[in-house]
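Structure data (mmCIF, C-alpha atoms) from target_34.cif:
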```cif
data_my_file
#
loop_
_atom_site.label_atom_id
_atom_site.label_comp_id
_atom_site.auth_asym_id
_atom_site.auth_seq_id
_atom_site.Cartn_x
_atom_site.Cartn_y
_atom_site.Cartn_z
CA MET G 643 74.60 83.43 121.28
CA GLY G 644 72.82 84.02 124.55
CA ILE G 645 70.48 86.22 126.52
CA ALA G 646 70.84 86.55 130.27
CA LEU G 647 68.51 88.25 132.72
CA GLU G 648 69.78 89.77 135.95
CA GLU G 649 67.13 91.08 138.32
CA SER G 650 67.94 93.33 141.27
CA ASP G 651 66.28 96.03 143.38
CA ALA G 652 67.65 98.66 141.01
CA GLY G 653 66.06 97.07 138.00
CA THR G 654 66.63 94.37 135.41
CA LYS G 655 69.66 94.00 133.20
CA VAL G 656 69.27 92.03 129.96
CA THR G 657 72.66 90.99 128.57
CA LEU G 658 72.93 89.98 124.93
CA ALA G 659 75.96 87.95 123.90
CA GLY G 660 77.29 86.88 120.52
CA THR G 661 74.84 86.70 117.64
CA VAL G 662 71.28 87.57 118.51
CA ASP G 663 69.06 86.61 115.61
CA ILE G 664 65.83 84.87 114.63
CA ALA G 665 66.98 81.65 116.31
CA CYS G 666 66.50 83.25 119.73
CA ALA G 667 63.90 85.91 118.84
CA ALA G 668 61.04 84.21 120.69
CA GLU G 669 63.15 83.84 123.83
CA PHE G 670 64.33 87.45 123.58
CA LYS G 671 60.74 88.69 123.39
CA ARG G 672 59.73 86.57 126.37
CA LEU G 673 62.58 87.94 128.49
CA LEU G 674 61.89 91.54 127.48
CA MET G 675 58.22 91.16 128.39
CA ARG G 676 59.19 89.65 131.73
CA ALA G 677 61.72 92.38 132.47
CA LEU G 678 59.30 95.17 131.61
CA SER G 679 56.50 93.67 133.65
CA SER G 680 58.57 93.13 136.77
CA SER G 681 60.92 96.15 136.89
CA LEU G 682 60.65 99.91 136.78
CA ALA G 683 64.04 100.15 135.03
CA VAL G 684 65.38 97.85 132.33
CA HIS G 685 68.83 98.07 130.76
CA VAL G 686 69.86 96.04 127.72
CA SER G 687 73.60 95.52 127.54
CA LEU G 688 75.11 95.00 124.11
CA SER G 689 78.74 94.94 125.20
CA GLN G 690 79.05 91.18 124.61
CA ALA G 691 76.91 91.17 121.48
CA THR G 692 78.64 90.82 118.12
CA TYR G 693 75.66 90.91 115.77
CA LEU G 694 71.97 91.78 115.94
CA ASP G 695 69.64 90.89 113.11
CA VAL G 696 66.36 92.56 112.16
CA THR G 697 64.31 90.55 114.65
CA ALA G 698 66.48 91.74 117.56
CA VAL G 699 66.29 95.37 116.44
CA GLN G 700 62.50 95.16 116.08
CA LEU G 701 62.19 93.77 119.57
CA LEU G 702 64.39 96.48 121.06
CA TRP G 703 62.40 99.15 119.24
CA ALA G 704 59.07 97.71 120.41
CA ALA G 705 60.36 97.26 123.97
CA GLU G 706 61.53 100.86 124.09
CA HIS G 707 58.07 102.08 123.07
CA HIS G 708 56.37 99.61 125.41
CA ALA G 709 58.44 101.01 128.30
CA GLN G 710 57.49 104.56 127.32
CA ARG G 711 53.80 103.65 127.41
CA LEU G 712 54.22 102.06 130.83
CA GLY G 713 56.25 105.04 132.08
CA LYS G 714 59.24 102.85 132.79
CA GLN G 715 62.93 103.47 132.25
CA PHE G 716 64.49 101.62 129.32
CA THR G 717 68.08 101.99 128.18
CA ILE G 718 69.99 100.24 125.44
CA GLY G 719 73.73 99.80 125.08
CA ASP G 720 76.67 101.80 126.29
CA GLN G 721 80.01 103.00 124.97
CA SER G 722 81.33 99.48 124.58
CA SER G 723 78.43 98.66 122.27
CA ALA G 724 79.55 101.15 119.64
CA THR G 725 80.58 98.50 117.09
CA VAL G 726 77.23 96.72 117.11
CA LEU G 727 75.33 100.01 117.03
CA ASP G 728 77.46 101.25 114.13
CA LEU G 729 76.59 98.10 112.18
CA LEU G 730 72.91 98.82 112.75
CA ALA G 731 73.32 102.44 111.69
CA ASP G 732 74.94 101.17 108.45
CA SER G 733 71.73 99.26 107.77
CA GLY G 734 69.69 102.45 108.07
CA PHE G 735 68.26 101.82 111.52
CA PRO G 736 67.61 104.92 113.61
CA ALA G 737 69.98 105.53 116.50
CA MET G 738 69.32 103.60 119.68
CA THR G 739 71.26 105.22 122.49
CA ALA G 740 71.72 104.78 126.20
CA GLU G 741 69.42 107.73 126.88
CA SER G 742 66.76 106.80 129.36
CA HIS G 743 63.03 107.24 129.30
CA ALA G 744 62.36 108.38 132.84
CA ALA G 745 59.37 107.18 134.72
CA MET S 1037 57.66 74.14 109.62
CA SER S 1038 60.49 75.12 111.96
CA THR S 1039 62.93 77.94 111.22
CA ALA S 1040 65.68 75.39 110.61
CA GLY S 1041 63.38 73.42 108.34
CA ASN S 1042 62.59 76.50 106.31
CA ALA S 1043 66.27 77.39 106.06
CA ASP S 1044 67.05 73.89 104.73
CA GLN S 1045 64.23 74.14 102.25
CA PHE S 1046 65.49 77.46 100.93
CA LYS S 1047 69.07 76.22 100.83
CA GLN S 1048 67.77 73.45 98.63
CA SER S 1049 65.93 75.99 96.47
CA PHE S 1050 69.16 77.94 96.14
CA ARG S 1051 71.02 74.77 95.10
CA GLU S 1052 68.45 74.11 92.39
CA GLU S 1053 68.56 77.69 91.09
CA ALA S 1054 72.34 77.76 91.26
CA ARG S 1055 72.62 74.54 89.23
CA GLU S 1056 70.58 76.19 86.48
CA ILE S 1057 72.75 79.30 86.62
CA LEU S 1058 75.89 77.15 86.41
CA GLU S 1059 74.55 75.39 83.33
CA ASP S 1060 73.93 78.75 81.70
CA LEU S 1061 77.38 79.90 82.81
CA GLU S 1062 79.01 76.94 81.09
CA LEU S 1063 77.12 77.62 77.88
CA ALA S 1064 78.05 81.31 78.01
CA LEU S 1065 81.72 80.44 78.62
CA LEU S 1066 81.79 78.05 75.66
CA GLU S 1067 80.18 80.70 73.45
CA LEU S 1068 82.61 83.28 74.78
CA ASN S 1069 85.48 81.00 73.80
CA GLU S 1070 84.28 81.34 70.23
CA ASN S 1071 83.48 85.07 70.46
CA CYS S 1072 86.03 86.57 72.83
CA GLY S 1073 84.93 90.15 72.21
CA ASP S 1074 81.22 89.65 72.89
CA LEU S 1075 80.48 91.94 75.83
CA ASP S 1076 76.93 90.59 76.20
CA LEU S 1077 78.40 87.18 76.92
CA VAL S 1078 80.90 88.72 79.33
CA GLY S 1079 77.99 90.44 81.11
CA ARG S 1080 76.08 87.15 81.23
CA VAL S 1081 79.02 85.36 82.84
CA PHE S 1082 79.56 88.23 85.29
CA ARG S 1083 75.89 88.31 86.34
CA GLY S 1084 75.81 84.55 86.80
CA LEU S 1085 78.87 84.63 89.04
CA HIS S 1086 77.54 87.68 90.88
CA THR S 1087 74.21 86.01 91.59
CA ILE S 1088 75.81 82.79 92.82
CA LYS S 1089 78.18 84.73 95.03
CA GLY S 1090 75.56 87.02 96.55
CA SER S 1091 72.88 84.43 97.07
CA GLY S 1092 75.42 81.85 98.23
CA ALA S 1093 76.52 84.18 100.99
CA MET S 1094 72.90 84.87 101.90
CA PHE S 1095 72.06 81.20 102.26
CA GLY S 1096 75.15 80.27 104.25
CA PHE S 1097 77.51 79.00 101.50
CA GLU S 1098 80.33 81.29 102.59
CA ASP S 1099 83.20 79.30 101.01
CA LEU S 1100 81.37 79.20 97.74
CA ALA S 1101 80.75 82.96 97.94
CA VAL S 1102 84.40 83.79 98.62
CA PHE S 1103 85.60 81.49 95.85
CA THR S 1104 83.13 82.93 93.33
CA HIS S 1105 83.89 86.50 94.37
CA ASN S 1106 87.39 86.22 92.89
CA LEU S 1107 86.06 84.96 89.58
CA GLU S 1108 83.47 87.71 89.54
CA ASN S 1109 86.24 90.28 90.06
CA ALA S 1110 88.15 88.83 87.11
CA PHE S 1111 85.13 89.21 84.84
CA ASP S 1112 84.55 92.70 86.20
CA GLU S 1113 88.03 93.48 84.90
CA VAL S 1114 86.97 92.11 81.51
CA ARG S 1115 83.80 94.22 81.55
CA ASN S 1116 85.82 97.32 82.29
CA GLY S 1117 88.27 96.63 79.48
CA ARG S 1118 91.24 95.96 81.73
CA LEU S 1119 91.48 92.27 80.87
CA GLN S 1120 91.09 90.39 77.61
CA VAL S 1121 89.19 87.14 77.39
CA CYS S 1122 91.66 84.34 76.63
CA PRO S 1123 91.49 80.53 76.50
CA GLU S 1124 93.26 80.30 79.86
CA LEU S 1125 90.59 82.44 81.58
CA ILE S 1126 87.82 80.35 80.00
CA ASP S 1127 89.48 77.08 81.06
CA LEU S 1128 90.06 78.30 84.60
CA THR S 1129 86.47 79.51 84.92
CA LEU S 1130 85.08 76.23 83.59
CA SER S 1131 87.21 74.36 86.14
CA ALA S 1132 85.93 76.75 88.80
CA VAL S 1133 82.33 76.01 87.79
CA ASP S 1134 83.01 72.32 88.47
CA GLN S 1135 84.31 73.19 91.92
CA ILE S 1136 81.33 75.48 92.64
CA ARG S 1137 79.04 72.63 91.67
CA ALA S 1138 80.85 70.36 94.14
CA MET S 1139 80.60 73.03 96.88
CA LEU S 1140 76.86 73.22 96.28
CA GLU S 1141 76.48 69.52 96.94
CA ASP S 1142 78.25 70.04 100.26
CA ARG S 1143 79.36 66.46 100.59
CA GLU S 1144 82.58 64.67 101.33
CA GLY S 1145 84.90 64.50 98.37
CA GLY S 1146 83.20 67.58 96.96
CA ALA S 1147 85.26 70.63 96.21
CA GLU S 1148 88.98 70.03 96.48
CA THR S 1149 90.59 72.76 98.56
CA GLU S 1150 93.97 72.58 96.84
CA VAL S 1151 92.41 72.61 93.38
CA CYS S 1152 90.29 75.64 94.35
CA ALA S 1153 93.32 77.46 95.73
CA GLY S 1154 95.26 76.68 92.56
CA ILE S 1155 92.46 77.98 90.34
CA LEU S 1156 92.14 81.15 92.37
CA ALA S 1157 95.89 81.81 92.34
CA ARG S 1158 96.00 81.50 88.56
CA VAL S 1159 92.87 83.64 88.08
CA ARG S 1160 94.21 86.36 90.36
CA LYS S 1161 97.58 86.38 88.60
CA LEU S 1162 96.00 86.40 85.17
CA ALA S 1163 93.66 89.26 86.05
CA GLY S 1164 96.16 91.21 88.15
CA LEU S 1165 93.78 91.05 91.09
CA ASP S 1166 96.49 90.77 93.74
CA HIS S 1167 97.51 94.30 92.90
CA ARG S 1168 94.16 95.80 92.05
CA TYR S 1169 92.22 94.29 94.93
CA SER S 1170 94.88 94.78 97.60
CA PRO S 1171 93.72 96.63 100.74
CA ALA S 1172 95.43 99.79 99.49
CA ALA S 1173 93.51 99.68 96.26
CA LYS S 1174 90.23 98.66 97.90
CA ALA S 1175 89.23 102.16 98.96
CA VAL S 1176 89.70 103.41 95.42
CA ARG S 1177 87.80 100.45 93.98
CA GLU S 1178 84.82 100.98 96.21
CA GLU S 1179 84.31 104.52 94.94
CA PRO S 1180 81.82 104.50 92.10
CA THR S 1181 83.52 105.34 88.84
CA SER S 1182 82.04 106.89 85.77
CA ALA S 1183 84.68 105.32 83.51
CA GLY S 1184 82.88 103.66 80.64
CA ARG S 1185 79.39 103.86 82.14
CA PRO S 1186 77.56 106.85 83.57
CA VAL S 1187 76.98 107.01 87.30
CA ARG S 1188 73.24 106.97 87.98
CA GLN S 1189 71.18 107.32 91.10
CA TRP S 1190 68.52 104.76 91.91
CA ALA S 1191 65.81 104.97 94.54
CA ILE S 1192 65.09 101.52 95.95
CA HIS S 1193 62.14 100.61 98.15
CA PHE S 1194 62.54 97.21 99.76
CA ALA S 1195 59.81 95.80 101.99
CA PRO S 1196 60.50 92.18 102.97
CA GLY S 1197 57.46 89.96 103.12
CA PRO S 1198 56.34 88.58 106.49
CA ASP S 1199 58.05 85.21 105.99
CA LEU S 1200 61.32 86.39 104.49
CA LEU S 1201 63.28 85.79 107.69
CA LEU S 1202 61.69 82.39 108.25
CA ASN S 1203 62.86 81.43 104.78
CA GLY S 1204 66.45 81.81 105.93
CA SER S 1205 67.10 85.13 104.19
CA ASN S 1206 68.83 88.00 105.94
CA PRO S 1207 68.02 91.39 104.41
CA LEU S 1208 71.01 93.01 106.09
CA LEU S 1209 73.36 90.84 104.00
CA LEU S 1210 71.76 92.16 100.82
CA PHE S 1211 72.87 95.67 101.71
CA GLY S 1212 76.52 94.55 101.62
CA GLU S 1213 75.88 93.32 98.09
CA LEU S 1214 74.34 96.65 97.12
CA ARG S 1215 77.34 98.53 98.52
CA GLN S 1216 79.53 96.67 96.04
CA LEU S 1217 77.55 98.34 93.25
CA GLY S 1218 78.04 101.91 94.44
CA ALA S 1219 77.55 104.44 97.20
CA LEU S 1220 74.53 103.48 99.27
CA SER S 1221 72.52 105.58 101.70
CA MET S 1222 69.50 104.15 103.40
CA ARG S 1223 66.76 104.64 105.95
CA ALA S 1224 64.84 101.92 107.77
CA SER S 1225 61.15 102.54 108.41
CA MET S 1226 60.11 101.23 111.79
CA GLU S 1227 56.51 102.49 111.69
CA MET S 1228 55.04 99.06 110.97
CA ILE S 1229 56.47 97.45 114.10
CA PRO S 1230 53.49 96.61 116.33
CA PRO S 1231 53.40 96.90 120.13
CA LEU S 1232 55.70 94.44 121.89
CA ASP S 1233 52.92 92.18 123.15
CA GLU S 1234 51.45 91.84 119.63
CA LEU S 1235 54.75 91.46 117.82
CA ASP S 1236 55.52 88.16 116.08
CA PRO S 1237 59.24 87.86 116.90
CA GLU S 1238 60.12 85.92 113.75
CA ARG S 1239 58.41 88.24 111.30
CA CYS S 1240 60.02 91.18 109.50
CA TYR S 1241 58.13 94.46 109.91
CA VAL S 1242 60.86 96.84 108.79
CA CYS S 1243 61.16 98.22 105.26
CA TRP S 1244 63.93 100.26 103.72
CA ASP S 1245 64.23 103.20 101.36
CA MET S 1246 67.64 103.50 99.77
CA VAL S 1247 69.49 105.59 97.25
CA LEU S 1248 72.25 103.89 95.31
CA ALA S 1249 74.68 105.91 93.20
CA GLY S 1250 76.77 103.83 90.84
CA ALA S 1251 77.56 102.92 87.27
CA VAL S 1252 74.93 100.17 87.29
CA ASP S 1253 71.69 99.40 85.53
CA ARG S 1254 68.40 98.22 87.01
CA ASP S 1255 69.10 94.56 86.25
CA ALA S 1256 72.30 94.59 88.28
CA ILE S 1257 70.36 95.92 91.28
CA ARG S 1258 67.52 93.48 90.75
CA ASP S 1259 70.03 90.61 90.65
CA VAL S 1260 70.92 91.36 94.27
CA PHE S 1261 67.33 90.63 95.26
CA ILE S 1262 66.85 87.69 92.88
CA PHE S 1263 66.21 85.09 95.58
CA VAL S 1264 63.89 87.24 97.68
CA GLU S 1265 62.04 89.12 94.96
CA ASP S 1266 59.02 86.85 95.14
CA SER S 1267 58.66 87.40 98.88
CA CYS S 1268 59.10 91.15 99.08
CA GLU S 1269 57.94 94.44 97.65
CA LEU S 1270 60.73 95.83 95.52
CA HIS S 1271 60.66 99.09 93.58
CA ILE S 1272 63.73 100.35 91.75
CA MET S 1273 63.30 103.79 90.23
CA PRO S 1274 65.83 106.07 88.55
CA VAL S 1275 66.30 109.33 90.44
CA ALA S 1276 65.98 112.24 88.05
CA GLY S 1277 67.82 115.50 88.62
CA ASN S 1278 70.42 116.22 91.26
CA GLY S 1279 71.24 114.87 94.69
CA ASP S 1280 68.39 116.83 96.28
CA SER S 1281 65.89 114.44 94.73
CA ALA S 1282 67.82 111.52 96.17
CA ALA S 1283 67.81 113.07 99.62
CA LEU S 1284 64.05 113.58 99.37
CA ALA S 1285 63.61 109.93 98.47
CA LEU S 1286 65.05 109.01 101.85
CA GLU S 1287 63.47 111.76 103.91
CA GLU S 1288 59.86 111.53 102.79
CA PRO S 1289 58.08 108.73 104.60
CA ARG S 1290 56.11 106.67 102.14
CA SER S 1291 52.39 107.10 102.44
CA GLN S 1292 52.08 103.32 102.52
CA SER S 1293 53.82 103.24 105.89
CA ALA S 1294 50.73 104.64 107.53
CA GLY S 1295 48.63 101.72 106.37
CA ARG S 1296 49.26 98.03 106.02
CA ARG S 1297 51.22 96.32 103.30
CA VAL S 1298 49.52 94.54 100.43
CA TYR S 1299 50.11 91.10 101.92
CA ASP S 1300 48.60 92.22 105.24
CA ARG S 1301 45.14 92.59 103.79
CA PRO S 1302 42.66 89.94 104.82
CA ASP S 1303 42.20 87.06 102.37
CA THR S 1304 38.58 88.01 101.91
CA ALA S 1305 39.70 91.15 100.04
CA SER S 1306 42.10 89.31 97.75
CA SER S 1307 39.51 88.33 95.14
CA LEU S 1308 37.26 90.50 93.03
CA ARG S 1309 34.43 89.61 90.69
CA VAL S 1310 35.03 91.43 87.40
CA PRO S 1311 33.02 91.03 84.19
CA ALA S 1312 35.06 89.44 81.40
CA ALA S 1313 34.21 92.32 79.06
CA LYS S 1314 35.87 94.78 81.41
CA LEU S 1315 38.94 92.56 81.60
CA ASP S 1316 39.07 92.47 77.80
CA GLN S 1317 38.84 96.25 77.71
CA PHE S 1318 41.63 96.46 80.30
CA VAL S 1319 43.86 94.17 78.25
CA ASP S 1320 43.11 96.20 75.09
CA LEU S 1321 44.09 99.42 76.87
CA VAL S 1322 47.32 97.84 78.06
CA GLY S 1323 48.00 96.81 74.45
CA GLU S 1324 47.58 100.41 73.34
CA LEU S 1325 49.83 101.56 76.15
CA VAL S 1326 52.54 99.14 74.98
CA THR S 1327 52.36 100.67 71.50
CA VAL S 1328 52.67 104.20 72.87
CA GLN S 1329 55.53 103.11 75.10
CA ALA S 1330 57.37 101.71 72.06
CA ARG S 1331 56.97 105.08 70.32
CA LEU S 1332 58.32 106.84 73.42
CA ALA S 1333 61.33 104.49 73.48
CA GLU S 1334 62.00 105.21 69.81
CA LEU S 1335 61.72 108.96 70.41
CA SER S 1336 64.02 108.74 73.41
CA ALA S 1337 66.62 106.81 71.41
CA ARG S 1338 66.71 109.59 68.80
CA ARG S 1339 67.27 112.32 71.40
CA ASP S 1340 70.38 112.65 73.53
CA ASP S 1341 68.54 113.62 76.70
CA PRO S 1342 69.32 111.58 79.84
CA GLU S 1343 66.20 112.80 81.67
CA ILE S 1344 63.88 111.69 78.85
CA ALA S 1345 65.83 108.43 78.63
CA ALA S 1346 65.31 107.81 82.35
CA VAL S 1347 61.56 108.47 82.10
CA ALA S 1348 61.30 106.30 78.98
CA GLU S 1349 63.10 103.47 80.72
CA GLU S 1350 60.79 103.71 83.72
CA VAL S 1351 57.69 103.74 81.50
CA GLU S 1352 59.05 100.70 79.67
CA HIS S 1353 59.58 98.85 82.92
CA LEU S 1354 56.13 99.70 84.27
CA THR S 1355 54.44 98.88 80.99
CA SER S 1356 56.18 95.54 80.84
CA ALA S 1357 55.05 94.72 84.38
CA LEU S 1358 51.51 95.88 83.64
CA ARG S 1359 51.38 93.80 80.46
CA GLU S 1360 52.56 90.70 82.31
CA ASN S 1361 50.01 91.31 85.06
CA SER S 1362 47.19 91.85 82.64
CA ILE S 1363 48.01 88.62 80.81
CA ASN S 1364 48.06 86.74 84.10
CA ILE S 1365 44.74 88.27 85.15
CA ARG S 1366 43.12 87.40 81.83
CA MET S 1367 44.40 83.82 82.01
CA LEU S 1368 42.93 82.99 85.42
CA PRO S 1369 41.87 79.35 85.38
CA ILE S 1370 38.11 78.79 85.18
CA ARG S 1371 38.00 76.74 88.38
CA TRP S 1372 39.47 79.73 90.23
CA ALA S 1373 37.02 82.19 88.71
CA ASN S 1374 34.15 79.90 89.67
CA ALA S 1375 35.39 79.78 93.23
CA ILE S 1376 34.76 83.50 93.68
CA PRO S 1377 31.49 83.81 95.60
CA SER S 1378 28.60 85.53 93.93
CA SER S 1379 27.72 88.99 95.21
CA SER S 1380 24.00 88.38 94.86
#
```
Encoded form (structure tokens):
Amino acid sequence: MGIALEESDAGTKVTLAGTVDIACAAEFKRLLMRALSSSLAVHVSLSQATYLDVTAVQLLWAAEHHAQRLGKQFTIGDQSSATVLDLLADSGFPAMTAESHAA
Amino acid sequence: MSTAGNADQFKQSFREEAREILEDLELALLELNENCGDLDLVGRVFRGLHTIKGSGAMFGFEDLAVFTHNLENAFDEVRNGRLQVCPELIDLTLSAVDQIRAMLEDREGGAETEVCAGILARVRKLAGLDHRYSPAAKAVREEPTSAGRPVRQWAIHFAPGPDLLLNGSNPLLLFGELRQLGALSMRASMEMIPPLDELDPERCYVCWDMVLAGAVDRDAIRDVFIFVEDSCELHIMPVAGNGDSAALALEEPRSQSAGRRVYDRPDTASSLRVPAAKLDQFVDLVGELVTVQARLAELSARRDDPEIAAVAEEVEHLTSALRENSINIRMLPIRWANAIPSSS
């Protein structure tokens, strides 16, 4: 379990690893807020994540909409995240893709 | 209380509930030993094992869940007429109950691994599970079958309460349980998720609408939610007609999504001052409704019409809930009624 933040001129990358659940939900929210306040582009990588619970999905959903309101770019996942995203789709969650919301 | 503290508390609650279920299981097994052909007893044993397995997995007792799953499968074979109840099955299951009890206590010298493995091997051989539940047979088993019981479609609305996650429950694990009952399609409603800066990260805002198709009754579905039912909104309704109705159940957003859930209303709106005479009248009307519902059930039993039967069953369920509610409302303690502020 872990959440890492990588800030660069191009934007901020948030990397989720292992199980991301309620135990780290508060920290995940804090890092998302920080990333969205300091960067024009935020990417959340799920390639090292093995499981996301409801709290993580809610935060990603809210962050995506928050970015839209701020006119920032927000992308989630990539091809290597297919397994985690499939698990979420099995639980009825709407698709969260790597499509960007352009500024 | 911390998340971990809540989880421990609810693990303890599960232990207490499971001990009661195990006691009932033992009684049912002893009765079954005397009445091997009693399918009600078989169903009681199956439901007990199913509940312990499902809830055990949900509260982190994985070993217990895996162990119990095999026993549950054996009694599923009995329910489906593929296995006869015999003294050996009863003895093995009673021994297994002892081991489950030890697993619950989660202490050194509890469940004995070799004994558990021995019990499982004998149960699997007796019930032919090694063949039937092999990977090759799994795909066939997971398809809902109409053999013996009709396949029905159920619309399920599940809205976890705000503290469900803090209590150590994981709604996503419940869906795996539901999938064991039949074909499940579902849609998560995200409309209640607030803006990021207002979002409480440990609270559940998502609710689900599902359609389950399987040879199961309402109680079997309700059993899946048994440990979270008090902290969620749960509606299980039979889907009448064809698959189009089921599809609509998933596609149409519930009107409630636009507003706030019942438990979101401010506390100030949770009490009402109602004259006792009106409450009496309400209870009388519910009494009359119960009588009419009984007539409807009798009429439905005389007619071989599945659609009428489905409606009658739903009316019975709602009437029962309404009756229970009305009794609870009428029996409010006086000190509580006095605490309601006067409107004047």
Picked residues, the PyMOL selection byres ((chain G) within 6 of (chain S)), as a PyMOL selection string: chain G and resi 664+667-668+704-705+734-735
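In this comparison, which uses only C-alpha atoms, the residue of S:Arg1258, S:His1193, S:Lys1089, S:His1105 approaching Val1159 (chain S) most closely is S:His1105.
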Evaluate the PyMOL selection byres ((chain G and resi 692) around 10) and report residues as a ChimeraX atom specification: /G:643,658-662,688-691,693-694,723,725-727,729
For this file, the PyMOL selection byres ((chain S and resi 1326-1342) around 9) selects which residues, as a CSV table (one decimal) with C-alpha atoms, in the frame of the given file?
```csv
chain,number,residue,atom,x,y,z
S,1276,ALA,CA,66.0,112.2,88.0
S,1321,LEU,CA,44.1,99.4,76.9
S,1322,VAL,CA,47.3,97.8,78.1
S,1323,GLY,CA,48.0,96.8,74.4
S,1324,GLU,CA,47.6,100.4,73.3
S,1325,LEU,CA,49.8,101.6,76.2
S,1343,GLU,CA,66.2,112.8,81.7
S,1344,ILE,CA,63.9,111.7,78.8
S,1345,ALA,CA,65.8,108.4,78.6
S,1346,ALA,CA,65.3,107.8,82.4
S,1347,VAL,CA,61.6,108.5,82.1
S,1348,ALA,CA,61.3,106.3,79.0
S,1349,GLU,CA,63.1,103.5,80.7
S,1351,VAL,CA,57.7,103.7,81.5
S,1352,GLU,CA,59.0,100.7,79.7
S,1355,THR,CA,54.4,98.9,81.0
S,1356,SER,CA,56.2,95.5,80.8
S,1359,ARG,CA,51.4,93.8,80.5
```
Contacts of region 644-652 of chain G within 10 Å, all atoms listed in the file, excl. fewer than 3 positions in-chain, as number ranges by chain: G: 655-662, 666, 669-670, 673-674, 676-677, 680-687, 690-691
Would you mind exporting C-alpha atoms of the selected residues as a tab-separated table (two decimals), in the frame of the given file?
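File selection18.tsv, as written:
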```
chain	number	residue	atom	x	y	z
G	655	LYS	CA	69.66	94.00	133.20
G	656	VAL	CA	69.27	92.03	129.96
G	657	THR	CA	72.66	90.99	128.57
G	658	LEU	CA	72.93	89.98	124.93
G	659	ALA	CA	75.96	87.95	123.90
G	660	GLY	CA	77.29	86.88	120.52
G	661	THR	CA	74.84	86.70	117.64
G	662	VAL	CA	71.28	87.57	118.51
G	666	CYS	CA	66.50	83.25	119.73
G	669	GLU	CA	63.15	83.84	123.83
G	670	PHE	CA	64.33	87.45	123.58
G	673	LEU	CA	62.58	87.94	128.49
G	674	LEU	CA	61.89	91.54	127.48
G	676	ARG	CA	59.19	89.65	131.73
G	677	ALA	CA	61.72	92.38	132.47
G	680	SER	CA	58.57	93.13	136.77
G	681	SER	CA	60.92	96.15	136.89
G	682	LEU	CA	60.65	99.91	136.78
G	683	ALA	CA	64.04	100.15	135.03
G	684	VAL	CA	65.38	97.85	132.33
G	685	HIS	CA	68.83	98.07	130.76
G	686	VAL	CA	69.86	96.04	127.72
G	687	SER	CA	73.60	95.52	127.54
G	690	GLN	CA	79.05	91.18	124.61
G	691	ALA	CA	76.91	91.17	121.48
```
CA of Leu1065 (chain S) to CA of Pro1186 (chain S), distance in Å rounded to a single decimal: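 Interatomic distance here is 27.2 Å.
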What would region 684-695 of chain G look like with N, CA and C atoms restored, written as a short mmCIF file (atom, residue, chain, number, x, y, z; two decimals), in the frame of the given file?
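Final output, out.cif:
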```
data_model
loop_
_atom_site.label_atom_id
_atom_site.label_comp_id
_atom_site.auth_asym_id
_atom_site.auth_seq_id
_atom_site.Cartn_x
_atom_site.Cartn_y
_atom_site.Cartn_z
N VAL G 684 64.80 98.98 133.06
CA VAL G 684 65.38 97.85 132.33
C VAL G 684 66.55 98.38 131.50
N HIS G 685 67.68 97.70 131.59
CA HIS G 685 68.83 98.07 130.76
C HIS G 685 69.22 96.87 129.91
N VAL G 686 69.41 97.11 128.62
CA VAL G 686 69.86 96.04 127.72
C VAL G 686 71.32 96.30 127.39
N SER G 687 72.17 95.38 127.80
CA SER G 687 73.60 95.52 127.54
C SER G 687 73.97 94.82 126.23
N LEU G 688 74.68 95.56 125.39
CA LEU G 688 75.11 95.00 124.11
C LEU G 688 76.62 94.77 124.07
N SER G 689 77.27 94.96 125.22
CA SER G 689 78.74 94.94 125.20
C SER G 689 79.32 93.58 124.81
N GLN G 690 78.55 92.51 125.02
CA GLN G 690 79.05 91.18 124.61
C GLN G 690 78.43 90.71 123.29
N ALA G 691 77.58 91.55 122.73
CA ALA G 691 76.91 91.17 121.48
C ALA G 691 77.83 91.47 120.29
N THR G 692 77.83 90.59 119.32
CA THR G 692 78.64 90.82 118.12
C THR G 692 77.77 91.12 116.90
N TYR G 693 76.52 90.69 116.95
CA TYR G 693 75.66 90.91 115.77
C TYR G 693 74.19 90.85 116.19
N LEU G 694 73.42 91.80 115.74
CA LEU G 694 71.97 91.78 115.94
C LEU G 694 71.30 91.75 114.58
N ASP G 695 70.35 90.88 114.39
CA ASP G 695 69.64 90.89 113.11
C ASP G 695 68.36 91.72 113.24
#
```
